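Novice: I'm passing along start_9.pdb; it holds PDB, C-alpha atoms.
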MODEL        1
ATOM      1  CA  MET A  15       3.974  -1.103 -26.441
ATOM      2  CA  ILE A  16       5.102   2.445 -27.094
ATOM      3  CA  ALA A  17       6.295   3.771 -30.393
ATOM      4  CA  TYR A  18       8.323   6.930 -30.677
ATOM      5  CA  GLU A  19       9.983   9.139 -33.233
ATOM      6  CA  ALA A  20      12.784  11.502 -32.227
ATOM      7  CA  ASN A  21      13.836  14.559 -34.193
ATOM      8  CA  LYS A  22      16.751  16.884 -33.516
ATOM      9  CA  ASP A  23      16.398  20.642 -34.088
ATOM     10  CA  ASP A  24      19.958  21.984 -34.135
ATOM     11  CA  GLN A  25      18.878  25.602 -34.575
ATOM     12  CA  ASN A  26      16.851  25.650 -31.342
ATOM     13  CA  ARG A  27      18.842  22.881 -29.580
ATOM     14  CA  ILE A  28      15.737  20.784 -28.936
ATOM     15  CA  PHE A  29      14.995  17.083 -29.293
ATOM     16  CA  THR A  30      11.315  16.502 -30.050
ATOM     17  CA  VAL A  31      10.055  13.023 -29.262
ATOM     18  CA  LYS A  32       6.555  12.009 -30.392
ATOM     19  CA  ILE A  33       5.253   9.049 -28.423
ATOM     20  CA  SER A  34       2.210   6.928 -29.186
ATOM     21  CA  GLY A  35       0.663   3.702 -27.943
ATOM     22  CA  LYS A  36       0.190   2.257 -24.482
ATOM     23  CA  ILE A  37       2.887   3.439 -22.123
ATOM     24  CA  ARG A  38       4.706   0.704 -20.252
ATOM     25  CA  ILE A  39       7.033   1.952 -17.560
ATOM     26  CA  ALA A  40      10.136  -0.123 -18.451
ATOM     27  CA  GLU A  41      10.009   0.836 -22.150
ATOM     28  CA  THR A  42       9.315   4.459 -21.350
ATOM     29  CA  ARG A  43      12.194   4.663 -18.885
ATOM     30  CA  ALA A  44      14.574   3.116 -21.435
ATOM     31  CA  MET A  45      13.459   5.569 -24.122
ATOM     32  CA  GLY A  46      13.704   8.467 -21.675
ATOM     33  CA  LEU A  47      17.208   7.483 -20.606
ATOM     34  CA  GLU A  48      18.358   7.204 -24.226
ATOM     35  CA  ILE A  49      16.959  10.614 -25.237
ATOM     36  CA  ARG A  50      18.047  12.354 -22.031
ATOM     37  CA  THR A  51      21.584  11.021 -22.461
ATOM     38  CA  LEU A  52      21.747  12.339 -26.037
ATOM     39  CA  ALA A  53      20.349  15.712 -24.973
ATOM     40  CA  ASN A  54      22.762  15.932 -22.058
ATOM     41  CA  GLU A  55      25.750  15.269 -24.311
ATOM     42  CA  ALA A  56      24.581  17.846 -26.887
ATOM     43  CA  GLY A  57      23.375  20.516 -24.433
ATOM     44  CA  TYR A  58      19.803  20.317 -25.780
ATOM     45  CA  GLY A  59      16.363  20.457 -24.200
ATOM     46  CA  ILE A  60      13.647  17.871 -24.822
ATOM     47  CA  LEU A  61       9.993  18.048 -25.735
ATOM     48  CA  PHE A  62       8.290  14.725 -25.047
ATOM     49  CA  ASP A  63       4.971  14.792 -26.929
ATOM     50  CA  TYR A  64       2.679  12.292 -25.207
ATOM     51  CA  ARG A  65      -0.588  13.575 -26.728
ATOM     52  CA  LEU A  66      -1.146  10.308 -28.652
ATOM     53  CA  ALA A  67       0.006   8.017 -25.838
ATOM     54  CA  ASP A  68      -2.100   6.082 -23.340
ATOM     55  CA  PRO A  69      -0.766   6.369 -19.757
ATOM     56  CA  SER A  70      -3.551   4.280 -18.203
ATOM     57  CA  GLU A  71      -1.167   1.586 -16.906
ATOM     58  CA  ILE A  72       1.315   3.979 -15.301
ATOM     59  CA  LYS A  73       1.398   3.959 -11.502
ATOM     60  CA  LEU A  74       2.172   7.173  -9.650
ATOM     61  CA  LEU A  75       4.874   5.456  -7.592
ATOM     62  CA  ASP A  76       6.621   4.394 -10.813
ATOM     63  CA  VAL A  77       6.674   8.008 -11.969
ATOM     64  CA  ASP A  78       7.955   9.239  -8.629
ATOM     65  CA  ASN A  79      10.780   6.670  -8.544
ATOM     66  CA  THR A  80      11.971   7.039 -12.136
ATOM     67  CA  PHE A  81      14.869   9.352 -11.339
ATOM     68  CA  LYS A  82      15.795   8.117  -7.892
ATOM     69  CA  GLU A  83      15.904   4.448  -8.839
ATOM     70  CA  HIS A  84      16.761   4.486 -12.536
ATOM     71  CA  TYR A  85      18.193   7.683 -14.030
ATOM     72  CA  ASP A  86      20.257   8.985 -11.101
ATOM     73  CA  VAL A  87      22.265   5.760 -10.924
ATOM     74  CA  LYS A  88      23.275   6.284 -14.575
ATOM     75  CA  ASN A  89      23.891  10.042 -14.507
ATOM     76  CA  ILE A  90      22.550  12.466 -11.912
ATOM     77  CA  THR A  91      23.038  15.444 -14.255
ATOM     78  CA  LEU A  92      20.074  14.205 -16.323
ATOM     79  CA  ARG A  93      17.926  16.034 -13.750
ATOM     80  CA  SER A  94      19.063  19.423 -15.048
ATOM     81  CA  ILE A  95      18.046  18.924 -18.698
ATOM     82  CA  PRO A  96      15.065  21.153 -19.495
ATOM     83  CA  VAL A  97      12.165  18.859 -20.395
ATOM     84  CA  VAL A  98       8.607  19.642 -21.400
ATOM     85  CA  ILE A  99       5.948  16.977 -21.342
ATOM     86  CA  LEU A 100       3.232  17.861 -23.829
ATOM     87  CA  HIS A 101       0.091  15.898 -23.001
ATOM     88  CA  HIS A 102      -3.558  15.486 -23.930
ATOM     89  CA  PRO A 103      -5.925  17.422 -21.601
ATOM     90  CA  LYS A 104      -7.640  14.188 -20.526
ATOM     91  CA  HIS A 105      -4.352  13.175 -18.858
ATOM     92  CA  ASN A 106      -4.043  16.297 -16.696
ATOM     93  CA  GLN A 107      -3.993  14.357 -13.430
ATOM     94  CA  ILE A 108      -0.927  12.229 -14.140
ATOM     95  CA  ALA A 109       0.821  15.055 -16.001
ATOM     96  CA  HIS A 110       0.477  17.419 -13.078
ATOM     97  CA  PHE A 111       1.613  14.724 -10.647
ATOM     98  CA  ILE A 112       4.764  14.287 -12.751
ATOM     99  CA  GLU A 113       5.397  18.016 -12.706
ATOM    100  CA  LEU A 114       4.872  18.410  -8.964
ATOM    101  CA  SER A 115       6.819  15.281  -8.043
ATOM    102  CA  TRP A 116       9.774  15.960 -10.300
ATOM    103  CA  GLN A 117       9.991  19.683  -9.597
ATOM    104  CA  ALA A 118       9.996  18.897  -5.866
ATOM    105  CA  ASP A 119      13.059  16.721  -6.574
ATOM    106  CA  ASN A 120      14.778  19.529  -8.548
ATOM    107  CA  ILE A 121      14.150  17.913 -11.934
ATOM    108  CA  ASN A 122      13.829  20.610 -14.605
ATOM    109  CA  THR A 123      10.382  19.643 -15.916
ATOM    110  CA  LYS A 124       7.305  21.465 -17.210
ATOM    111  CA  VAL A 125       4.000  19.944 -18.344
ATOM    112  CA  THR A 126       1.531  21.589 -20.671
ATOM    113  CA  THR A 127      -1.147  20.951 -23.276
ATOM    114  CA  ASP A 128      -0.013  23.969 -25.323
ATOM    115  CA  GLU A 129       2.671  23.277 -27.939
ATOM    116  CA  LYS A 130       3.691  26.934 -28.345
ATOM    117  CA  ALA A 131       4.028  27.355 -24.573
ATOM    118  CA  ALA A 132       6.128  24.175 -24.498
ATOM    119  CA  PHE A 133       8.601  25.486 -27.076
ATOM    120  CA  ASP A 134       8.695  28.961 -25.519
ATOM    121  CA  TRP A 135       9.526  27.542 -22.071
ATOM    122  CA  LEU A 136      12.176  25.205 -23.491
ATOM    123  CA  LYS A 137      13.875  27.974 -25.465
ATOM    124  CA  SER A 138      13.945  30.139 -22.321
ATOM    125  CA  GLU A 139      15.427  27.329 -20.218
ATOM    126  CA  ILE A 140      18.037  26.499 -22.861
ATOM    127  CA  LYS A 141      19.139  30.149 -22.970
ATOM    128  CA  LYS A 142      19.570  30.139 -19.176
ATOM    129  CA  SER A 143      21.886  27.132 -19.359
ATOM    130  CA  ALA A 144      23.973  28.421 -22.278
TER     131      ALA A 144
ENDMDL
END
For the file at hand, write its structure as structure tokens.
Specialist:
Amino acid sequence: MIAYEANKDDQNRIFTVKISGKIRIAETRAMGLEIRTLANEAGYGILFDYRLADPSEIKLLDVDNTFKEHYDVKNITLRSIPVVILHHPKHNQIAHFIELSWQADNINTKVTTDEKAAFDWLKSEIKKSA
């Protein structure tokens, strides 16, 4: 079961979501939809911090289908929200798959292990959309 804590930074227009525990796809999709919807309504970007989470049960096909089968049917504009996935270096393989898969589908996503780089990229993307 995942646990998460979301914080809103009005000055930088960023939601930061710290996630921990074993990632289960249904819970993670529900949390992602909730946060993405809030960010979309507010015109914010999102930093999902997965450094303390365990993605060992996530299947690549589940990641690839998240938007097509779950988010797009709710609101296709969720694809354009700038999102950074901050991850632990030991999870590089799945993180980079997410980035490649979602960027290929025009989903505004960046993955990194560097928190400063994450915030810098998000701030730049938010400025572009303002």
Novice: Selected by the PyMOL selection byres ((chain A and resi 103) around 12) in the shown coordinates: which residues, as a PyMOL selection string?
Specialist: chain A and resi 64-67+99-102+104-110+125-128
Novice: If you apply the PyMOL selection byres ((chain A and resi 132-135) around 12) to this file, what residues do you get, as a PyMOL selection string?
Specialist: chain A and resi 23+26-30+59-63+96-101+122-131+136-142
Novice: Once you have the residues from the selection above, write them out as a compact mmCIF listing (two decimals), keeping the file's coordinate frame, restricted to C-alpha atoms.
Specialist:
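Produced file part_19.txt, reproduced below:
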# COMPACT_ATOMS: atom_id res chain seq x y z
CA ASP A 23 16.40 20.64 -34.09
CA ASN A 26 16.85 25.65 -31.34
CA ARG A 27 18.84 22.88 -29.58
CA ILE A 28 15.74 20.78 -28.94
CA PHE A 29 15.00 17.08 -29.29
CA THR A 30 11.32 16.50 -30.05
CA GLY A 59 16.36 20.46 -24.20
CA ILE A 60 13.65 17.87 -24.82
CA LEU A 61 9.99 18.05 -25.74
CA PHE A 62 8.29 14.72 -25.05
CA ASP A 63 4.97 14.79 -26.93
CA PRO A 96 15.06 21.15 -19.50
CA VAL A 97 12.16 18.86 -20.40
CA VAL A 98 8.61 19.64 -21.40
CA ILE A 99 5.95 16.98 -21.34
CA LEU A 100 3.23 17.86 -23.83
CA HIS A 101 0.09 15.90 -23.00
CA ASN A 122 13.83 20.61 -14.60
CA THR A 123 10.38 19.64 -15.92
CA LYS A 124 7.30 21.46 -17.21
CA VAL A 125 4.00 19.94 -18.34
CA THR A 126 1.53 21.59 -20.67
CA THR A 127 -1.15 20.95 -23.28
CA ASP A 128 -0.01 23.97 -25.32
CA GLU A 129 2.67 23.28 -27.94
CA LYS A 130 3.69 26.93 -28.34
CA ALA A 131 4.03 27.36 -24.57
CA LEU A 136 12.18 25.20 -23.49
CA LYS A 137 13.88 27.97 -25.46
CA SER A 138 13.94 30.14 -22.32
CA GLU A 139 15.43 27.33 -20.22
CA ILE A 140 18.04 26.50 -22.86
CA LYS A 141 19.14 30.15 -22.97
CA LYS A 142 19.57 30.14 -19.18
Novice: Which residue gives the smallest distance to Ala44 of chain A among A:Ile112, A:Ile16, A:Ile121, A:Ile72, with all atoms listed in the file counted?
Specialist: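 That would be A:Ile16, the residue with the smallest distance to Ala44 of chain A.
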Novice: Name the residues that the PyMOL selection byres ((chain A and resi 47-52) around 12) pulls out of this structure, and write them as a count of residues only.
Specialist: 47
Novice: Work out how far apart atom CA of Ile33 of chain A and atom CA of Ala17 of chain A are and give it in Å to one decimal.
Specialist: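 Pair atom CA of Ile33 of chain A / atom CA of Ala17 of chain A returns 5.7 Å.
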Novice: Can you tell me how far atom CA of Ile37 of chain A sits from atom CA of Pro69 of chain A, in Å to one decimal?
Specialist: 5.2 Å
Novice: What is the distance between atom CA of Leu75 of chain A and atom CA of Asn120 of chain A, in Å to one decimal?
Specialist: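 Computing the Euclidean distance for atom CA of Leu75 of chain A and atom CA of Asn120 of chain A yields 17.2 Å.
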